[in-house]
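Listing of data_18.csv, CSV, N, CA and C atoms
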chain,number,residue,atom,x,y,z
A,1,MET,N,5.1,46.4,-8.8
A,1,MET,CA,5.9,45.6,-7.9
A,1,MET,C,5.0,44.9,-6.9
A,2,LYS,N,4.0,45.6,-6.3
A,2,LYS,CA,3.1,45.0,-5.3
A,2,LYS,C,2.3,43.9,-6.0
A,3,PHE,N,1.8,44.2,-7.2
A,3,PHE,CA,1.0,43.2,-7.9
A,3,PHE,C,1.8,41.9,-8.1
A,4,THR,N,3.1,42.0,-8.4
A,4,THR,CA,4.0,40.8,-8.6
A,4,THR,C,4.1,40.0,-7.4
A,5,LYS,N,4.3,40.7,-6.2
A,5,LYS,CA,4.4,40.0,-4.9
A,5,LYS,C,3.1,39.3,-4.6
A,6,ILE,N,2.0,39.9,-4.9
A,6,ILE,CA,0.7,39.2,-4.6
A,6,ILE,C,0.5,38.0,-5.5
A,7,ILE,N,0.9,38.1,-6.8
A,7,ILE,CA,0.8,36.9,-7.7
A,7,ILE,C,1.7,35.8,-7.2
A,8,ALA,N,3.0,36.2,-6.8
A,8,ALA,CA,3.9,35.2,-6.4
A,8,ALA,C,3.4,34.5,-5.1
A,9,SER,N,2.9,35.3,-4.2
A,9,SER,CA,2.4,34.7,-2.9
A,9,SER,C,1.2,33.8,-3.2
A,10,LEU,N,0.3,34.1,-4.1
A,10,LEU,CA,-0.8,33.2,-4.4
A,10,LEU,C,-0.3,32.0,-5.1
A,11,ALA,N,0.7,32.1,-5.9
A,11,ALA,CA,1.2,30.9,-6.6
A,11,ALA,C,1.9,30.0,-5.6
A,12,ILE,N,2.7,30.5,-4.7
A,12,ILE,CA,3.3,29.7,-3.7
A,12,ILE,C,2.3,29.0,-2.8
A,13,ALA,N,1.3,29.8,-2.3
A,13,ALA,CA,0.2,29.2,-1.5
A,13,ALA,C,-0.5,28.1,-2.2
A,14,GLY,N,-0.8,28.3,-3.5
A,14,GLY,CA,-1.5,27.3,-4.3
A,14,GLY,C,-0.7,26.0,-4.4
A,15,LEU,N,0.6,26.2,-4.6
A,15,LEU,CA,1.5,25.0,-4.7
A,15,LEU,C,1.5,24.2,-3.4
A,16,ILE,N,1.7,24.9,-2.3
A,16,ILE,CA,1.7,24.3,-1.0
A,16,ILE,C,0.4,23.5,-0.8
A,17,PHE,N,-0.7,24.2,-1.1
A,17,PHE,CA,-2.0,23.6,-0.8
A,17,PHE,C,-2.3,22.3,-1.7
A,18,VAL,N,-1.8,22.3,-2.9
A,18,VAL,CA,-2.1,21.3,-3.8
A,18,VAL,C,-1.1,20.2,-3.8
A,19,SER,N,0.2,20.5,-3.7
A,19,SER,CA,1.2,19.5,-3.9
A,19,SER,C,1.2,18.3,-3.0
A,20,CYS,N,0.8,18.5,-1.7
A,20,CYS,CA,1.0,17.4,-0.8
A,20,CYS,C,-0.4,17.1,-0.1
A,21,LYS,N,-1.5,17.3,-0.8
A,21,LYS,CA,-2.8,17.1,-0.3
A,21,LYS,C,-3.0,15.6,0.1
A,22,LYS,N,-2.6,14.7,-0.8
A,22,LYS,CA,-2.8,13.3,-0.5
A,22,LYS,C,-1.9,12.8,0.7
A,23,GLU,N,-0.7,13.3,0.8
A,23,GLU,CA,0.2,13.0,1.8
A,23,GLU,C,-0.3,13.4,3.2
A,24,GLU,N,-0.9,14.6,3.2
A,24,GLU,CA,-1.4,15.1,4.5
A,24,GLU,C,-2.5,14.1,5.0
A,25,ASP,N,-3.4,13.7,4.2
A,25,ASP,CA,-4.4,12.8,4.6
A,25,ASP,C,-3.8,11.5,5.1
A,26,LYS,N,-2.8,11.0,4.4
A,26,LYS,CA,-2.2,9.7,4.7
A,26,LYS,C,-1.4,9.8,6.0
A,27,SER,N,-0.8,11.0,6.2
A,27,SER,CA,0.0,11.2,7.4
A,27,SER,C,-0.9,11.0,8.7
A,28,LEU,N,-2.1,11.5,8.6
A,28,LEU,CA,-3.0,11.3,9.7
A,28,LEU,C,-3.3,9.8,9.9
A,29,ALA,N,-3.4,9.1,8.9
A,29,ALA,CA,-3.6,7.6,9.0
A,29,ALA,C,-2.4,7.0,9.7
A,30,VAL,N,-1.2,7.4,9.3
A,30,VAL,CA,0.0,6.9,10.0
A,30,VAL,C,0.0,7.2,11.5
A,31,ILE,N,-0.3,8.4,11.8
A,31,ILE,CA,-0.3,8.8,13.2
A,31,ILE,C,-1.4,8.0,14.0
A,32,ASN,N,-2.5,7.8,13.4
A,32,ASN,CA,-3.6,7.0,14.0
A,32,ASN,C,-3.1,5.5,14.1
A,33,ALA,N,-2.5,5.0,13.1
A,33,ALA,CA,-2.0,3.6,13.1
A,33,ALA,C,-0.9,3.4,14.2
A,34,GLU,N,-0.1,4.4,14.4
A,34,GLU,CA,1.0,4.3,15.4
A,34,GLU,C,0.4,4.3,16.8
A,35,LYS,N,-0.7,5.0,17.0
A,35,LYS,CA,-1.4,5.1,18.3
A,35,LYS,C,-2.1,3.8,18.6
A,36,ALA,N,-2.5,3.0,17.6
A,36,ALA,CA,-3.2,1.8,17.9
A,36,ALA,C,-2.2,0.7,18.4
A,37,ALA,N,-2.7,-0.2,19.2
A,37,ALA,CA,-1.8,-1.2,19.8
A,37,ALA,C,-1.3,-2.1,18.6
A,38,PRO,N,-0.1,-2.4,18.6
A,38,PRO,CA,0.4,-3.3,17.6
A,38,PRO,C,-0.2,-4.7,17.6
A,39,LYS,N,-0.4,-5.3,16.5
A,39,LYS,CA,-1.0,-6.6,16.4
A,39,LYS,C,0.0,-7.6,16.8
A,40,GLU,N,-0.4,-8.6,17.6
A,40,GLU,CA,0.5,-9.7,17.9
A,40,GLU,C,0.3,-10.8,16.8
A,41,HIS,N,1.3,-11.3,16.3
A,41,HIS,CA,1.3,-12.3,15.2
A,41,HIS,C,1.7,-13.6,15.8
A,42,LYS,N,1.1,-14.7,15.3
A,42,LYS,CA,1.5,-16.1,15.7
A,42,LYS,C,2.9,-16.3,15.1
A,43,PRO,N,3.8,-17.0,15.9
A,43,PRO,CA,5.1,-17.4,15.3
A,43,PRO,C,4.9,-18.2,14.0
A,44,ILE,N,5.9,-18.0,13.1
A,44,ILE,CA,5.8,-18.7,11.8
A,44,ILE,C,6.8,-19.9,11.9
A,45,ALA,N,6.2,-21.0,11.5
A,45,ALA,CA,7.1,-22.2,11.5
A,45,ALA,C,8.2,-22.0,10.5
A,46,ALA,N,9.4,-22.5,10.8
A,46,ALA,CA,10.6,-22.2,10.0
A,46,ALA,C,10.4,-22.6,8.5
A,47,GLU,N,9.7,-23.7,8.3
A,47,GLU,CA,9.5,-24.2,6.9
A,47,GLU,C,8.6,-23.4,6.1
A,48,ASN,N,7.8,-22.5,6.8
A,48,ASN,CA,6.8,-21.6,6.1
A,48,ASN,C,7.3,-20.2,5.9
A,49,VAL,N,8.5,-19.9,6.4
A,49,VAL,CA,9.0,-18.5,6.3
A,49,VAL,C,9.4,-18.2,4.9
A,50,GLN,N,8.9,-17.1,4.3
A,50,GLN,CA,9.3,-16.7,3.0
A,50,GLN,C,9.5,-15.2,3.0
A,51,THR,N,10.5,-14.7,2.2
A,51,THR,CA,10.8,-13.3,2.1
A,51,THR,C,10.6,-12.9,0.7
A,52,ALA,N,9.9,-11.7,0.5
A,52,ALA,CA,9.6,-11.2,-0.8
A,52,ALA,C,10.1,-9.8,-0.8
A,53,SER,N,10.6,-9.4,-2.0
A,53,SER,CA,11.0,-8.0,-2.2
A,53,SER,C,10.3,-7.6,-3.6
A,54,PHE,N,9.9,-6.3,-3.6
A,54,PHE,CA,9.3,-5.8,-4.8
A,54,PHE,C,9.3,-4.3,-4.8
A,55,ASN,N,9.3,-3.8,-6.0
A,55,ASN,CA,9.3,-2.3,-6.2
A,55,ASN,C,7.9,-1.7,-6.1
A,56,ILE,N,7.8,-0.5,-5.6
A,56,ILE,CA,6.5,0.2,-5.5
A,56,ILE,C,6.7,1.5,-6.2
A,57,GLU,N,6.0,1.7,-7.2
A,57,GLU,CA,6.0,3.0,-8.0
A,57,GLU,C,4.8,3.8,-7.5
A,58,GLY,N,5.0,5.1,-7.5
A,58,GLY,CA,3.8,6.0,-7.2
A,58,GLY,C,4.0,6.7,-5.8
A,59,MET,N,5.0,6.3,-5.0
A,59,MET,CA,5.1,6.9,-3.7
A,59,MET,C,5.7,8.3,-3.9
A,60,THR,N,5.2,9.3,-3.2
A,60,THR,CA,5.7,10.7,-3.3
A,60,THR,C,6.4,11.2,-2.0
A,61,CYS,N,6.3,10.5,-0.9
A,61,CYS,CA,7.0,10.9,0.3
A,61,CYS,C,7.2,9.7,1.2
A,62,ALA,N,8.1,9.9,2.2
A,62,ALA,CA,8.5,8.8,3.1
A,62,ALA,C,7.4,8.5,4.2
A,63,VAL,N,6.8,9.6,4.6
A,63,VAL,CA,5.8,9.5,5.7
A,63,VAL,C,4.4,9.1,5.2
A,64,GLY,N,3.9,9.9,4.3
A,64,GLY,CA,2.5,9.6,3.9
A,64,GLY,C,2.4,8.4,3.0
A,65,CYS,N,3.4,8.0,2.3
A,65,CYS,CA,3.3,6.8,1.4
A,65,CYS,C,4.0,5.6,2.0
A,66,ALA,N,5.3,5.7,2.0
A,66,ALA,CA,6.1,4.5,2.4
A,66,ALA,C,5.7,4.0,3.8
A,67,LYS,N,5.6,4.9,4.7
A,67,LYS,CA,5.3,4.5,6.1
A,67,LYS,C,3.9,3.9,6.2
A,68,THR,N,3.0,4.5,5.5
A,68,THR,CA,1.6,3.9,5.5
A,68,THR,C,1.6,2.5,4.9
A,69,ILE,N,2.2,2.3,3.8
A,69,ILE,CA,2.3,1.0,3.2
A,69,ILE,C,3.0,0.0,4.1
A,70,GLU,N,4.1,0.4,4.7
A,70,GLU,CA,4.8,-0.4,5.6
A,70,GLU,C,3.9,-0.9,6.8
A,71,THR,N,3.1,0.1,7.3
A,71,THR,CA,2.2,-0.2,8.4
A,71,THR,C,1.1,-1.2,8.0
A,72,GLU,N,0.5,-1.0,6.8
A,72,GLU,CA,-0.5,-1.8,6.3
A,72,GLU,C,0.0,-3.3,6.1
A,73,LEU,N,1.2,-3.4,5.6
A,73,LEU,CA,1.8,-4.7,5.4
A,73,LEU,C,2.1,-5.4,6.7
A,74,SER,N,2.7,-4.6,7.6
A,74,SER,CA,3.1,-5.2,8.9
A,74,SER,C,1.9,-5.7,9.7
A,75,ASN,N,0.7,-5.1,9.5
A,75,ASN,CA,-0.5,-5.5,10.3
A,75,ASN,C,-1.2,-6.7,9.7
A,76,LEU,N,-0.7,-7.2,8.6
A,76,LEU,CA,-1.4,-8.3,8.0
A,76,LEU,C,-1.1,-9.6,8.8
A,77,GLU,N,-2.1,-10.4,8.9
A,77,GLU,CA,-1.9,-11.7,9.5
A,77,GLU,C,-0.9,-12.5,8.7
A,78,GLY,N,0.1,-13.1,9.4
A,78,GLY,CA,1.1,-13.9,8.8
A,78,GLY,C,2.3,-13.2,8.4
A,79,VAL,N,2.3,-11.9,8.6
A,79,VAL,CA,3.5,-11.1,8.2
A,79,VAL,C,4.3,-10.9,9.5
A,80,GLU,N,5.6,-11.3,9.4
A,80,GLU,CA,6.5,-11.2,10.5
A,80,GLU,C,7.2,-9.8,10.5
A,81,LYS,N,7.6,-9.3,9.4
A,81,LYS,CA,8.2,-8.0,9.3
A,81,LYS,C,8.0,-7.4,7.9
A,82,ALA,N,7.8,-6.1,7.8
A,82,ALA,CA,7.7,-5.4,6.5
A,82,ALA,C,8.5,-4.1,6.6
A,83,THR,N,9.3,-3.8,5.6
A,83,THR,CA,10.0,-2.6,5.5
A,83,THR,C,9.8,-2.0,4.1
A,84,VAL,N,9.6,-0.7,4.1
A,84,VAL,CA,9.5,0.0,2.8
A,84,VAL,C,10.5,1.1,2.7
A,85,ASP,N,11.4,1.0,1.8
A,85,ASP,CA,12.5,2.0,1.6
A,85,ASP,C,12.0,3.0,0.5
A,86,PHE,N,11.6,4.2,0.9
A,86,PHE,CA,11.1,5.2,0.0
A,86,PHE,C,12.1,5.6,-1.1
A,87,ASP,N,13.4,5.8,-0.7
A,87,ASP,CA,14.4,6.2,-1.7
A,87,ASP,C,14.6,5.2,-2.7
A,88,LYS,N,14.7,3.9,-2.4
A,88,LYS,CA,14.9,2.8,-3.3
A,88,LYS,C,13.6,2.3,-4.0
A,89,LYS,N,12.5,2.8,-3.4
A,89,LYS,CA,11.1,2.3,-3.9
A,89,LYS,C,11.0,0.8,-3.8
A,90,LEU,N,11.5,0.3,-2.7
A,90,LEU,CA,11.6,-1.1,-2.5
A,90,LEU,C,11.0,-1.6,-1.2
A,91,ALA,N,10.1,-2.6,-1.2
A,91,ALA,CA,9.5,-3.2,0.0
A,91,ALA,C,10.1,-4.6,0.2
A,92,THR,N,10.3,-4.9,1.4
A,92,THR,CA,10.8,-6.3,1.8
A,92,THR,C,9.9,-6.8,2.9
A,93,VAL,N,9.3,-8.0,2.6
A,93,VAL,CA,8.3,-8.5,3.6
A,93,VAL,C,8.7,-10.0,3.9
A,94,THR,N,8.7,-10.3,5.2
A,94,THR,CA,8.9,-11.6,5.6
A,94,THR,C,7.6,-12.1,6.2
A,95,PHE,N,7.1,-13.3,5.6
A,95,PHE,CA,5.8,-13.7,5.9
A,95,PHE,C,5.6,-15.2,5.9
A,96,ASP,N,4.5,-15.7,6.4
A,96,ASP,CA,4.1,-17.1,6.4
A,96,ASP,C,3.5,-17.4,5.0
A,97,LYS,N,4.2,-18.3,4.2
A,97,LYS,CA,3.7,-18.5,2.9
A,97,LYS,C,2.4,-19.3,2.9
A,98,THR,N,2.0,-19.9,4.0
A,98,THR,CA,0.7,-20.6,4.1
A,98,THR,C,-0.5,-19.6,4.4
A,99,VAL,N,-0.1,-18.4,4.7
A,99,VAL,CA,-1.2,-17.4,5.1
A,99,VAL,C,-1.2,-16.3,4.0
A,100,GLN,N,-0.1,-15.8,3.5
A,100,GLN,CA,0.0,-14.7,2.5
A,100,GLN,C,0.7,-15.2,1.3
A,101,ASN,N,0.5,-14.5,0.2
A,101,ASN,CA,1.1,-14.8,-1.1
A,101,ASN,C,1.4,-13.5,-1.8
A,102,SER,N,2.0,-13.6,-3.0
A,102,SER,CA,2.3,-12.4,-3.8
A,102,SER,C,1.1,-11.6,-4.2
A,103,GLU,N,0.0,-12.3,-4.5
A,103,GLU,CA,-1.2,-11.6,-4.9
A,103,GLU,C,-1.8,-10.8,-3.7
A,104,SER,N,-1.8,-11.4,-2.5
A,104,SER,CA,-2.4,-10.7,-1.4
A,104,SER,C,-1.6,-9.5,-1.0
A,105,LEU,N,-0.3,-9.6,-1.0
A,105,LEU,CA,0.6,-8.5,-0.7
A,105,LEU,C,0.5,-7.4,-1.7
A,106,THR,N,0.4,-7.7,-3.0
A,106,THR,CA,0.3,-6.7,-4.0
A,106,THR,C,-1.1,-6.0,-3.8
A,107,LYS,N,-2.1,-6.8,-3.6
A,107,LYS,CA,-3.4,-6.2,-3.4
A,107,LYS,C,-3.5,-5.2,-2.2
A,108,VAL,N,-2.8,-5.5,-1.1
A,108,VAL,CA,-2.8,-4.6,0.0
A,108,VAL,C,-2.1,-3.3,-0.3
A,109,VAL,N,-0.9,-3.4,-1.0
A,109,VAL,CA,-0.2,-2.2,-1.4
A,109,VAL,C,-1.0,-1.3,-2.3
A,110,GLN,N,-1.7,-1.9,-3.3
A,110,GLN,CA,-2.4,-1.1,-4.3
A,110,GLN,C,-3.7,-0.5,-3.6
A,111,GLU,N,-4.3,-1.2,-2.7
A,111,GLU,CA,-5.5,-0.7,-2.0
A,111,GLU,C,-5.2,0.3,-1.0
A,112,THR,N,-3.9,0.4,-0.6
A,112,THR,CA,-3.5,1.5,0.4
A,112,THR,C,-3.7,2.8,-0.3
A,113,GLY,N,-3.5,2.9,-1.5
A,113,GLY,CA,-3.8,4.2,-2.3
A,113,GLY,C,-5.3,4.0,-2.8
A,114,ASP,N,-5.5,4.6,-3.9
A,114,ASP,CA,-6.9,4.6,-4.4
A,114,ASP,C,-7.0,3.4,-5.5
A,115,GLY,N,-6.1,2.5,-5.5
A,115,GLY,CA,-6.1,1.4,-6.4
A,115,GLY,C,-5.4,1.7,-7.7
A,116,LYS,N,-5.0,3.0,-7.9
A,116,LYS,CA,-4.3,3.5,-9.1
A,116,LYS,C,-3.0,4.1,-8.8
A,117,THR,N,-2.8,4.6,-7.5
A,117,THR,CA,-1.6,5.4,-7.2
A,117,THR,C,-0.4,4.5,-7.1
A,118,TYR,N,-0.4,3.4,-6.4
A,118,TYR,CA,0.7,2.5,-6.2
A,118,TYR,C,0.7,1.3,-7.1
A,119,LYS,N,1.8,1.1,-7.7
A,119,LYS,CA,2.0,-0.1,-8.6
A,119,LYS,C,3.1,-1.0,-8.2
A,120,VAL,N,2.9,-2.3,-8.0
A,120,VAL,CA,3.9,-3.2,-7.6
A,120,VAL,C,4.5,-3.9,-8.9
A,121,SER,N,5.9,-4.0,-8.8
A,121,SER,CA,6.6,-4.6,-10.0
A,121,SER,C,7.8,-5.4,-9.4
A,122,ASN,N,8.4,-6.2,-10.2
A,122,ASN,CA,9.6,-7.0,-9.9
A,122,ASN,C,9.4,-7.8,-8.6
A,123,PHE,N,8.3,-8.5,-8.5
A,123,PHE,CA,8.1,-9.3,-7.3
A,123,PHE,C,9.0,-10.5,-7.3
A,124,LYS,N,9.9,-10.6,-6.3
A,124,LYS,CA,10.8,-11.7,-6.1
A,124,LYS,C,10.7,-12.3,-4.7
A,125,SER,N,10.6,-13.6,-4.7
A,125,SER,CA,10.5,-14.2,-3.3
A,125,SER,C,11.5,-15.3,-3.2
A,126,LYS,N,11.9,-15.5,-2.0
A,126,LYS,CA,12.9,-16.6,-1.7
A,126,LYS,C,12.5,-17.2,-0.4
A,127,VAL,N,12.8,-18.5,-0.2
A,127,VAL,CA,12.5,-19.2,1.0
A,127,VAL,C,13.6,-19.1,2.0

Do you think you could lay out the structure here as structure tokens?
Amino acid sequence: MKFTKIIASLAIAGLIFVSCKKEEDKSLAVINAEKAAPKEHKPIAAENVQTASFNIEGMTCAVGCAKTIETELSNLEGVEKATVDFDKKLATVTFDKTVQNSESLTKVVQETGDGKTYKVSNFKSKV
């Protein structure tokens, strides 16, 4: 009986240690990003405002993944607002189309991970 408890304890400890390792590291990045002063963006001319929505695959948690991606997108020059919904796996970004484009937004999302973790799909933009 004691041997079974030891094995169970080790298994649980191993799962906790391994399952959220990436999220823990990214959580620290979110905390550091929130401490930094928010960037001031230039106002976007009405004729240059564009809104894009796209799916992000590969997120495993709301804080370590979704919030980190949202912060990275929000800090881009020319981005007025960025939101990432973890449950829907959906990002919505309002940006200046003369400064940013679908390729640059996709690149930022994918580079937030290791280049392989997050995948952008169904990119739709409207003026």

Counting all atoms listed in the file, the option among A:Ala52, A:Cys61, A:Val84, A:Ile44 closest to Asp96 of chain A: A:Ile44

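You will find atom CA of Lys67 of chain A at 27.5 Å from atom CA of Ala46 of chain A.
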
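One distance worth recording is that between atom CA of Thr92 of chain A and atom N of Ser53 of chain A, which is 4.9 Å.
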
Excluding same-chain residues fewer than 2 positions from Val99 of chain A, what lies within 8 Å of it counting all atoms listed in the file, as a PyMOL selection string? chain A and resi 48+77-79+95-97+101+104

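Of the listed residues (A:Lys124, A:Lys81, A:Lys116, A:Lys2), A:Lys116 comes nearest to Met59 of chain A; the distances count only C-alpha atoms.
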
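Between Ala66 of chain A and the residues A:Ile6, A:Asp114, A:Phe86, A:Thr94, the shortest atom-to-atom distance, using all atoms listed in the file, involves A:Phe86.
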
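Distances here use all atoms listed in the file; by that measure, the residue among A:Gln50, A:Thr68, A:Thr4, A:Thr106 closest to Val120 of chain A is A:Thr106.
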
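Going from atom C of Lys42 of chain A to atom CA of Glu80 of chain A covers 7.8 Å.
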
Pick from A:Glu72, A:Ser102, A:Gln110, A:Gly115: nearest to Thr51 of chain A, with only C-alpha atoms counted? A:Ser102

All residues 8 Å or closer to Thr83 of chain A, only C-alpha atoms, same chain fewer than 4 positions away omitted, as a PyMOL selection string: chain A and resi 70+91-93
